[in-house]
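J.: Structure file input.csv (CSV, C-alpha atoms) right here:
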chain,number,residue,atom,x,y,z
A,1,MET,CA,-32.2,-211.0,97.1
A,2,GLY,CA,-30.3,-210.2,93.9
A,3,ASN,CA,-32.3,-207.1,93.1
A,4,ILE,CA,-31.7,-205.4,96.5
A,5,VAL,CA,-29.2,-202.6,96.6
A,6,SER,CA,-27.8,-201.2,99.8
A,7,LEU,CA,-26.6,-197.7,100.3
A,8,VAL,CA,-24.3,-196.7,103.2
A,9,HIS,CA,-22.8,-193.3,104.1
A,10,ILE,CA,-19.1,-193.5,104.7
A,11,GLN,CA,-18.4,-190.9,107.3
A,12,SER,CA,-14.6,-191.1,107.1
A,13,ALA,CA,-11.8,-193.2,105.7
A,14,ASP,CA,-11.4,-194.9,109.1
A,15,GLU,CA,-15.0,-196.3,108.8
A,16,ILE,CA,-14.6,-197.9,105.4
A,17,LYS,CA,-14.3,-201.5,106.7
A,18,ASN,CA,-17.3,-201.1,109.0
A,19,SER,CA,-19.2,-199.5,106.1
A,20,ILE,CA,-18.5,-202.5,103.9
A,21,TYR,CA,-19.7,-204.9,106.7
A,22,LYS,CA,-22.9,-202.8,107.1
A,23,ALA,CA,-23.6,-202.7,103.3
A,24,LEU,CA,-23.2,-206.4,103.0
A,25,ASN,CA,-25.3,-207.1,106.1
A,26,LEU,CA,-28.1,-205.0,104.6
A,27,ILE,CA,-28.3,-207.3,101.6
A,28,ASN,CA,-27.8,-210.4,103.7
A,29,PHE,CA,-24.6,-211.4,101.8
A,30,ASN,CA,-22.6,-214.2,103.4
A,31,ILE,CA,-19.4,-215.4,101.9
A,32,ASN,CA,-19.1,-219.1,101.2
A,33,LYS,CA,-16.6,-220.4,103.8
A,34,GLN,CA,-15.2,-222.8,101.1
A,35,VAL,CA,-13.9,-219.8,99.0
A,36,ARG,CA,-10.1,-220.1,98.5
A,37,THR,CA,-9.5,-217.8,95.5
A,38,VAL,CA,-10.8,-214.3,95.1
A,39,ALA,CA,-10.5,-211.7,92.2
A,40,ILE,CA,-11.3,-208.1,92.9
A,41,LYS,CA,-11.7,-205.8,89.8
A,42,PRO,CA,-11.4,-202.1,90.6
A,43,ASN,CA,-11.9,-199.4,88.0
A,44,LEU,CA,-8.4,-198.0,87.1
A,45,CYS,CA,-9.1,-195.2,84.7
A,46,TYR,CA,-6.0,-194.2,82.9
A,47,TYR,CA,-3.6,-192.6,85.4
A,48,TRP,CA,-6.1,-190.4,87.3
A,49,ASP,CA,-5.9,-191.0,91.1
A,50,ALA,CA,-8.9,-191.6,93.4
A,51,SER,CA,-9.3,-187.9,94.3
A,52,THR,CA,-10.5,-187.2,90.7
A,53,GLY,CA,-13.5,-189.5,91.0
A,54,TYR,CA,-12.2,-191.6,88.1
A,55,THR,CA,-10.5,-194.5,89.9
A,56,THR,CA,-11.5,-196.9,92.7
A,57,ASP,CA,-9.8,-195.8,95.9
A,58,PRO,CA,-7.2,-198.4,97.2
A,59,LEU,CA,-8.7,-197.8,100.6
A,60,ILE,CA,-12.0,-199.4,99.4
A,61,ILE,CA,-10.1,-202.4,98.0
A,62,ALA,CA,-8.1,-202.7,101.3
A,63,GLY,CA,-11.4,-202.8,103.2
A,64,ILE,CA,-12.7,-205.5,100.9
A,65,ILE,CA,-9.5,-207.5,101.4
A,66,ASP,CA,-9.9,-207.3,105.2
A,67,TRP,CA,-13.5,-208.4,105.0
A,68,VAL,CA,-12.6,-211.4,102.8
A,69,ARG,CA,-9.8,-212.5,105.2
A,70,ASP,CA,-12.0,-211.9,108.3
A,71,SER,CA,-14.6,-214.2,106.7
A,72,CYS,CA,-12.4,-216.9,105.1
A,73,GLY,CA,-9.0,-216.9,106.9
A,74,GLU,CA,-5.6,-215.4,106.2
A,75,ASP,CA,-4.4,-218.1,103.8
A,76,ILE,CA,-6.9,-217.2,101.1
A,77,ASP,CA,-5.5,-216.3,97.6
A,78,ILE,CA,-6.6,-212.8,96.7
A,79,LYS,CA,-5.8,-211.1,93.4
A,80,ILE,CA,-6.5,-207.5,92.3
A,81,VAL,CA,-7.1,-207.6,88.5
A,82,GLU,CA,-7.3,-205.1,85.7
A,83,THR,CA,-6.7,-205.1,81.9
A,84,ASP,CA,-4.8,-202.9,79.5
A,85,ALA,CA,-6.8,-200.2,77.7
A,86,SER,CA,-6.2,-198.4,74.4
A,87,ALA,CA,-4.5,-195.5,76.3
A,88,MET,CA,-3.5,-197.2,79.6
A,89,ARG,CA,-1.0,-199.8,80.6
A,90,THR,CA,-2.2,-201.7,83.7
A,91,ASN,CA,1.3,-202.3,85.2
A,92,LEU,CA,2.0,-198.6,85.1
A,93,ALA,CA,-1.4,-197.7,86.5
A,94,PHE,CA,-0.8,-200.2,89.4
A,95,SER,CA,2.3,-198.3,90.3
A,96,ILE,CA,1.0,-194.7,89.8
A,97,LEU,CA,-2.3,-195.2,91.5
A,98,GLY,CA,-1.1,-196.8,94.8
A,99,TYR,CA,-2.0,-200.4,94.1
A,100,GLU,CA,1.6,-201.7,94.2
A,101,LYS,CA,1.9,-200.2,97.7
A,102,LEU,CA,-1.5,-201.8,98.7
A,103,ALA,CA,-0.5,-205.2,97.4
A,104,ILE,CA,2.7,-205.2,99.5
A,105,GLU,CA,0.9,-204.0,102.6
A,106,LYS,CA,-1.9,-206.6,102.2
A,107,GLY,CA,0.1,-209.5,100.8
A,108,VAL,CA,-2.0,-209.8,97.7
A,109,GLU,CA,-1.2,-210.3,94.0
A,110,LEU,CA,-1.6,-207.7,91.2
A,111,VAL,CA,-2.6,-209.3,87.9
A,112,ASN,CA,-2.7,-207.8,84.5
A,113,LEU,CA,-5.4,-209.9,82.8
A,114,SER,CA,-4.2,-208.8,79.4
A,115,GLU,CA,-1.0,-210.8,79.9
A,116,GLY,CA,-2.7,-214.0,81.1
A,117,GLN,CA,-4.6,-216.8,79.5
A,118,SER,CA,-7.9,-216.0,77.9
A,119,SER,CA,-10.6,-217.8,76.0
A,120,ASP,CA,-12.6,-216.8,73.0
A,121,LYS,CA,-16.3,-216.2,73.7
A,122,LYS,CA,-19.1,-215.2,71.3
A,123,VAL,CA,-22.5,-213.8,72.2
A,124,TYR,CA,-25.4,-212.2,70.4
A,125,VAL,CA,-26.9,-208.9,71.5
A,126,ASN,CA,-29.6,-207.0,69.5
A,127,ASN,CA,-29.0,-209.6,66.7
A,128,ARG,CA,-25.3,-208.5,66.6
A,129,GLU,CA,-22.6,-211.1,67.0
A,130,ILE,CA,-19.9,-209.9,69.4
A,131,GLU,CA,-16.6,-211.7,70.1
A,132,PHE,CA,-14.6,-211.3,73.2
A,133,LYS,CA,-11.3,-212.5,74.7
A,134,VAL,CA,-12.2,-213.3,78.3
A,135,PRO,CA,-9.6,-213.9,81.0
A,136,GLN,CA,-9.5,-217.5,82.1
A,137,LEU,CA,-8.8,-216.4,85.7
A,138,LEU,CA,-12.2,-214.7,86.0
A,139,GLN,CA,-14.0,-217.9,84.8
A,140,GLU,CA,-12.2,-220.1,87.4
A,141,VAL,CA,-12.0,-218.0,90.5
A,142,ASP,CA,-14.2,-218.9,93.5
A,143,LEU,CA,-15.4,-215.4,94.2
A,144,PHE,CA,-15.4,-212.5,91.7
A,145,ILE,CA,-15.9,-209.0,93.3
A,146,ASN,CA,-16.7,-206.1,91.1
A,147,ALA,CA,-15.5,-202.7,92.6
A,148,PRO,CA,-16.5,-199.9,90.2
A,149,LYS,CA,-16.8,-196.2,90.5
A,150,LEU,CA,-19.9,-193.9,90.4
A,151,LYS,CA,-19.3,-191.5,87.5
A,152,VAL,CA,-20.7,-190.1,84.3
A,153,MET,CA,-19.5,-191.0,80.7
A,154,ARG,CA,-20.2,-189.2,77.5
A,155,ILE,CA,-21.2,-192.2,75.4
A,156,THR,CA,-23.3,-194.2,77.9
A,157,ARG,CA,-24.2,-191.4,80.3
A,158,ILE,CA,-23.2,-193.4,83.3
A,159,THR,CA,-20.5,-195.9,84.0
A,160,CYS,CA,-20.6,-198.1,87.0
A,161,ALA,CA,-21.1,-201.9,87.6
A,162,MET,CA,-21.9,-203.2,84.2
A,163,LYS,CA,-19.4,-200.9,82.4
A,164,ASN,CA,-16.6,-202.0,84.8
A,165,LEU,CA,-16.9,-205.5,83.4
A,166,PHE,CA,-16.1,-204.0,79.9
A,167,GLY,CA,-12.7,-203.4,81.5
A,168,CYS,CA,-12.3,-207.2,82.0
A,169,ILE,CA,-12.0,-207.9,78.2
A,170,SER,CA,-8.5,-209.1,77.7
A,171,SER,CA,-8.0,-207.2,74.4
A,172,THR,CA,-6.1,-204.0,74.7
A,173,ARG,CA,-7.8,-202.1,71.8
A,174,LYS,CA,-11.2,-201.8,73.5
A,175,ILE,CA,-11.8,-198.7,71.5
A,176,LEU,CA,-12.8,-201.0,68.6
A,177,TYR,CA,-16.0,-201.8,70.6
A,178,HIS,CA,-17.0,-198.2,70.9
A,179,PRO,CA,-19.2,-198.0,67.8
A,180,TYR,CA,-21.5,-200.5,69.5
A,181,LEU,CA,-20.5,-199.9,73.1
A,182,ASN,CA,-24.0,-200.4,74.6
A,183,GLU,CA,-24.4,-203.8,73.1
A,184,THR,CA,-20.8,-204.7,74.1
A,185,ILE,CA,-21.5,-203.8,77.8
A,186,VAL,CA,-24.5,-206.1,77.8
A,187,GLY,CA,-22.6,-208.8,75.9
A,188,ILE,CA,-19.7,-209.1,78.4
A,189,ASN,CA,-22.3,-209.1,81.2
A,190,LYS,CA,-23.8,-212.2,79.6
A,191,ILE,CA,-20.5,-213.9,80.1
A,192,LEU,CA,-19.1,-212.6,83.4
A,193,LYS,CA,-21.2,-212.8,86.5
A,194,PRO,CA,-19.5,-211.3,89.6
A,195,GLN,CA,-21.1,-212.7,92.8
A,196,LEU,CA,-20.7,-209.3,94.5
A,197,THR,CA,-20.5,-205.6,93.5
A,198,LEU,CA,-19.3,-202.9,95.9
A,199,VAL,CA,-19.4,-199.4,94.4
A,200,ASP,CA,-16.9,-196.7,95.5
A,201,GLY,CA,-18.9,-193.5,95.6
A,202,GLN,CA,-16.7,-191.8,98.2
A,203,VAL,CA,-15.6,-189.4,95.5
A,204,ALA,CA,-18.1,-189.5,92.7
A,205,LEU,CA,-17.7,-187.8,89.3
A,206,GLY,CA,-20.5,-185.8,87.8
A,207,ARG,CA,-20.0,-182.4,86.2
A,208,TYR,CA,-17.1,-182.2,88.7
A,209,PRO,CA,-15.7,-184.5,91.4
A,210,ILE,CA,-17.5,-184.5,94.7
A,211,LYS,CA,-17.0,-186.1,98.1
A,212,LEU,CA,-20.3,-188.0,98.1
A,213,GLY,CA,-19.4,-190.5,100.8
A,214,LEU,CA,-21.5,-193.3,99.3
A,215,LEU,CA,-20.9,-197.1,99.3
A,216,MET,CA,-23.3,-199.3,97.3
A,217,ALA,CA,-23.6,-203.1,97.4
A,218,SER,CA,-25.6,-205.7,95.6
A,219,THR,CA,-25.2,-209.2,94.1
A,220,ASP,CA,-26.8,-207.9,90.8
A,221,VAL,CA,-24.9,-205.5,88.5
A,222,PHE,CA,-28.1,-204.3,86.7
A,223,SER,CA,-29.8,-203.3,89.9
A,224,ILE,CA,-26.7,-201.3,91.0
A,225,ASP,CA,-26.7,-199.4,87.7
A,226,TRP,CA,-30.4,-198.7,87.8
A,227,ILE,CA,-30.1,-197.1,91.2
A,228,ALA,CA,-26.8,-195.4,90.2
A,229,SER,CA,-28.4,-193.8,87.2
A,230,VAL,CA,-31.2,-192.3,89.4
A,231,ILE,CA,-28.6,-190.9,91.8
A,232,MET,CA,-26.7,-189.3,88.9
A,233,GLY,CA,-29.9,-187.6,87.7
A,234,TYR,CA,-30.7,-189.8,84.7
A,235,ASN,CA,-33.9,-191.7,83.8
A,236,PRO,CA,-32.8,-195.4,83.7
A,237,LEU,CA,-35.4,-196.1,81.0
A,238,LYS,CA,-33.6,-193.6,78.7
A,239,LEU,CA,-30.1,-195.3,79.0
A,240,ASP,CA,-29.6,-197.5,76.0
A,241,PHE,CA,-27.5,-200.2,77.7
A,242,LEU,CA,-30.0,-200.7,80.5
A,243,ASN,CA,-32.8,-201.0,78.0
A,244,ILE,CA,-30.8,-203.5,76.0
A,245,ALA,CA,-30.1,-205.4,79.2
A,246,LEU,CA,-33.8,-205.7,79.9
A,247,LYS,CA,-34.5,-206.9,76.4
A,248,GLU,CA,-31.7,-209.5,76.6
A,249,ASN,CA,-32.8,-210.7,80.1
A,250,VAL,CA,-29.5,-209.6,81.6
A,251,GLY,CA,-31.4,-207.6,84.2
A,252,SER,CA,-34.9,-207.2,85.6
A,253,ARG,CA,-36.8,-204.5,87.4
A,254,ASN,CA,-38.9,-207.0,89.3
A,255,GLY,CA,-38.4,-206.6,93.0
A,256,LEU,CA,-35.7,-204.0,92.6
A,257,SER,CA,-35.4,-202.0,95.9
A,258,THR,CA,-32.9,-200.2,98.1
A,259,VAL,CA,-32.1,-200.5,101.8
A,260,GLY,CA,-30.1,-198.3,104.0
A,261,GLU,CA,-29.7,-194.6,103.1
A,262,ASN,CA,-32.3,-192.9,100.9
A,263,PRO,CA,-31.0,-192.5,97.3
A,264,LYS,CA,-32.7,-189.1,97.1
A,265,GLU,CA,-30.2,-187.7,99.6
A,266,PHE,CA,-27.3,-188.6,97.4
A,267,LYS,CA,-29.1,-187.4,94.3
A,268,LYS,CA,-29.5,-184.0,95.8
A,269,MET,CA,-25.7,-183.8,96.2
A,270,PHE,CA,-24.6,-185.3,92.9
A,271,PRO,CA,-23.3,-182.6,90.4
A,272,LYS,CA,-25.4,-183.4,87.4
A,273,GLU,CA,-24.1,-183.0,83.9
A,274,GLY,CA,-24.5,-179.6,82.2
A,275,ILE,CA,-25.0,-178.9,78.5
A,276,VAL,CA,-21.3,-179.7,77.8
A,277,PRO,CA,-20.4,-183.3,78.8
A,278,THR,CA,-17.8,-183.6,81.6
A,279,GLU,CA,-15.6,-185.9,79.5
A,280,TYR,CA,-15.3,-183.3,76.8
A,281,LEU,CA,-14.4,-180.6,79.3
A,282,TRP,CA,-11.6,-182.8,80.8
A,283,SER,CA,-10.3,-183.7,77.3
A,284,LEU,CA,-10.3,-180.0,76.5
A,285,GLN,CA,-8.3,-179.1,79.6
A,286,ILE,CA,-5.8,-181.9,79.0
A,287,GLY,CA,-5.4,-180.8,75.4
A,288,LEU,CA,-4.7,-177.2,76.5
A,289,LEU,CA,-2.2,-178.5,79.1
A,290,LYS,CA,-0.4,-180.5,76.6
A,291,ALA,CA,-0.2,-177.5,74.2
A,292,TYR,CA,1.2,-175.4,77.1
A,293,ALA,CA,3.8,-178.0,78.0
A,294,LYS,CA,4.9,-178.2,74.4
A,295,ILE,CA,5.2,-174.4,74.1
A,296,VAL,CA,7.3,-174.0,77.3
A,297,ASN,CA,9.2,-177.3,76.9
A,298,ASP,CA,7.7,-178.7,80.2
A,299,VAL,CA,6.4,-182.1,81.0
A,300,ILE,CA,2.9,-183.3,82.2
A,301,PRO,CA,2.9,-185.4,85.4
A,302,PRO,CA,2.1,-189.0,84.6
A,303,SER,CA,-0.8,-188.9,87.2
A,304,ILE,CA,-2.8,-186.5,85.0
A,305,GLN,CA,-2.0,-187.8,81.5
A,306,ASP,CA,-4.7,-189.8,79.6
As structure tokens, please, write out the structure in this file.

T.:
Amino acid sequence: MGNIVSLVHIQSADEIKNSIYKALNLINFNINKQVRTVAIKPNLCYYWDASTGYTTDPLIIAGIIDWVRDSCGEDIDIKIVETDASAMRTNLAFSILGYEKLAIEKGVELVNLSEGQSSDKKVYVNNREIEFKVPQLLQEVDLFINAPKLKVMRITRITCAMKNLFGCISSTRKILYHPYLNETIVGINKILKPQLTLVDGQVALGRYPIKLGLLMASTDVFSIDWIASVIMGYNPLKLDFLNIALKENVGSRNGLSTVGENPKEFKKMFPKEGIVPTEYLWSLQIGLLKAYAKIVNDVIPPSIQD
């Protein structure tokens, strides 16, 4: 069942929890009742809030937490996890993006994986040796849930399930991996294997943010990204990291299928990339804003800084 991807239309924020149940029922996912520890990895992208399409909406994470507790009981240990990035400090992002408030409301723990214990791992991808510092917590937890966004990225074209695991590398200076980013994405997916992926496509990011109202679910990250690339208007066979994943047996197209909503309906709505990549346009706008702020001696709100 690993290659089945469910697609559910979220009608409103009030229906998020029911949409999660529906998406998981469509792929016949049943949580192990013996699960006592859970780690949920959202995609916190710098300090952009969920309305921009960059960051996983706390409401989606809240729905996942409710589903886990409904399934396994109230005393289960749930952690929301993220790592520092070259230009983002996780503890600050937790505060700015509404995750501190969520943690208090739901009684869960926020964990900066860059500050915890990690182990050194080495893998080979495309005959390249790649070394990682991998959080110990993610290797020991009973249930690891991947909760990425549906969005475009200049270097890899798309960023979704597999790329979100790149954000699990403990090292802060992840920019050092960018010269061989496609291989790095596949490499970390050789090590970390989330049992479940739920994609937040409520607000998706293409050429501009759009309220897509999509929730995707699968037990296989490769299958999620294959379908996500189609929705975003790309040919999966032309995406380097997906081709490398096939070559390295990290993913397979055999039996890959969708259930629930038709991907074509979301593909029609998705604002595909133009000639100039979205990431470049955003960078240009922020650069102009910073220049303006310097000229007029103003400040840029933390929620829109990179």

J.: Have a look at A:Tyr180, A:Phe241, A:Tyr99, A:Phe144 and name the one nearest to A:Cys168; count all atoms listed in the file.

T.: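 Checking each of A:Tyr180, A:Phe241, A:Tyr99, A:Phe144 against A:Cys168, counting all atoms listed in the file, the winner is A:Phe144.
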
J.: Excluding stretch 157-161 of chain A and its own-chain neighbours fewer than 6 positions away, which residues fall within 9 Å of it when counting only C-alpha atoms? Please give them as a short mmCIF file (atom, residue, chain, number, x, y, z; two decimals) with C-alpha atoms, keeping the file's coordinate frame.

T.:
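Writing done, so here's around-v9.cif:
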data_model
loop_
_atom_site.label_atom_id
_atom_site.label_comp_id
_atom_site.auth_asym_id
_atom_site.auth_seq_id
_atom_site.Cartn_x
_atom_site.Cartn_y
_atom_site.Cartn_z
CA ASN A 43 -11.90 -199.40 88.00
CA ASN A 146 -16.70 -206.10 91.10
CA ALA A 147 -15.50 -202.70 92.60
CA PRO A 148 -16.50 -199.90 90.20
CA LYS A 149 -16.80 -196.20 90.50
CA LEU A 150 -19.90 -193.90 90.40
CA LYS A 151 -19.30 -191.50 87.50
CA THR A 197 -20.50 -205.60 93.50
CA LEU A 198 -19.30 -202.90 95.90
CA VAL A 199 -19.40 -199.40 94.40
CA ASP A 220 -26.80 -207.90 90.80
CA VAL A 221 -24.90 -205.50 88.50
CA PHE A 222 -28.10 -204.30 86.70
CA ILE A 224 -26.70 -201.30 91.00
CA ASP A 225 -26.70 -199.40 87.70
CA ALA A 228 -26.80 -195.40 90.20
CA SER A 229 -28.40 -193.80 87.20
CA MET A 232 -26.70 -189.30 88.90
CA TYR A 234 -30.70 -189.80 84.70
CA LEU A 239 -30.10 -195.30 79.00
#

J.: Could you check how far atom CA of A:Lys268 sits from atom CA of A:Met153, in Å to one decimal?

T.: 19.4 Å

J.: What does the distance between atom CA of A:His9 and atom CA of A:Ser51 come to in Å, to one decimal place?

T.: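 Between these atoms lies a distance of 17.5 Å.
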
J.: Given the choices A:Ile231, A:Val141, A:Leu181, A:Leu7, which gets closest to A:Ile155 if the distance is worked out from all atoms listed in the file?

T.: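 Closest candidate: A:Leu181.
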
J.: From the set A:Leu192, A:Leu237, A:Ile31, A:Ala245, which residue has the shortest atom-to-atom contact distance to A:Lys133, counting all atoms listed in the file?

T.: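 Closest candidate: A:Leu192.
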
J.: Would you list the residues near (-18.7, -217.4, 93.6), meaning any protein, DNA or RNA residue with an atom at most 9 Å from that point in file coordinates, counting all atoms listed in the file, as a list in words?

T.: Ile31, Asn32, Val35, Val38, Val141, Asp142, Leu143, Phe144, Ile145, Lys193, Pro194, Gln195 and Leu196 of chain A

J.: Can you write out the residues you just picked, keeping C-alpha atoms, as an mmCIF file, keeping the file's coordinate frame?

T.:
data_model
loop_
_atom_site.group_PDB
_atom_site.id
_atom_site.type_symbol
_atom_site.label_atom_id
_atom_site.label_comp_id
_atom_site.auth_asym_id
_atom_site.auth_seq_id
_atom_site.Cartn_x
_atom_site.Cartn_y
_atom_site.Cartn_z
ATOM 1 C CA ILE A 31 -19.400 -215.400 101.900
ATOM 2 C CA ASN A 32 -19.100 -219.100 101.200
ATOM 3 C CA VAL A 35 -13.900 -219.800 99.000
ATOM 4 C CA VAL A 38 -10.800 -214.300 95.100
ATOM 5 C CA VAL A 141 -12.000 -218.000 90.500
ATOM 6 C CA ASP A 142 -14.200 -218.900 93.500
ATOM 7 C CA LEU A 143 -15.400 -215.400 94.200
ATOM 8 C CA PHE A 144 -15.400 -212.500 91.700
ATOM 9 C CA ILE A 145 -15.900 -209.000 93.300
ATOM 10 C CA LYS A 193 -21.200 -212.800 86.500
ATOM 11 C CA PRO A 194 -19.500 -211.300 89.600
ATOM 12 C CA GLN A 195 -21.100 -212.700 92.800
ATOM 13 C CA LEU A 196 -20.700 -209.300 94.500
#

J.: Taking into account all atoms listed in the file, which residue in the set A:Ile64, A:Lys122, A:Lys22, A:Val134 is nearest to A:Lys106?

T.: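 Closest residue, counting all atoms listed in the file: A:Ile64.
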
J.: Let me make sure I understand: among A:Thr55, A:Trp226, A:Asp200, A:Leu165, which one has the smallest atom-to-atom distance to A:Gly213 if we use all atoms listed in the file?

T.: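 Closest to A:Gly213 of all the choices is A:Asp200.
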
J.: One number please: atom CA of A:Tyr177 to atom CA of A:Pro58, in Å, one decimal.

T.: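 Atom-to-atom, atom CA of A:Tyr177 and atom CA of A:Pro58 are spaced 28.2 Å apart.
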
J.: Hey, which of A:Val186, A:Val250, A:Ala62, A:Ala85 ends up closest to A:Gly107? Count all atoms listed in the file.

T.: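 For A:Gly107, the nearest of the candidates is A:Ala62.
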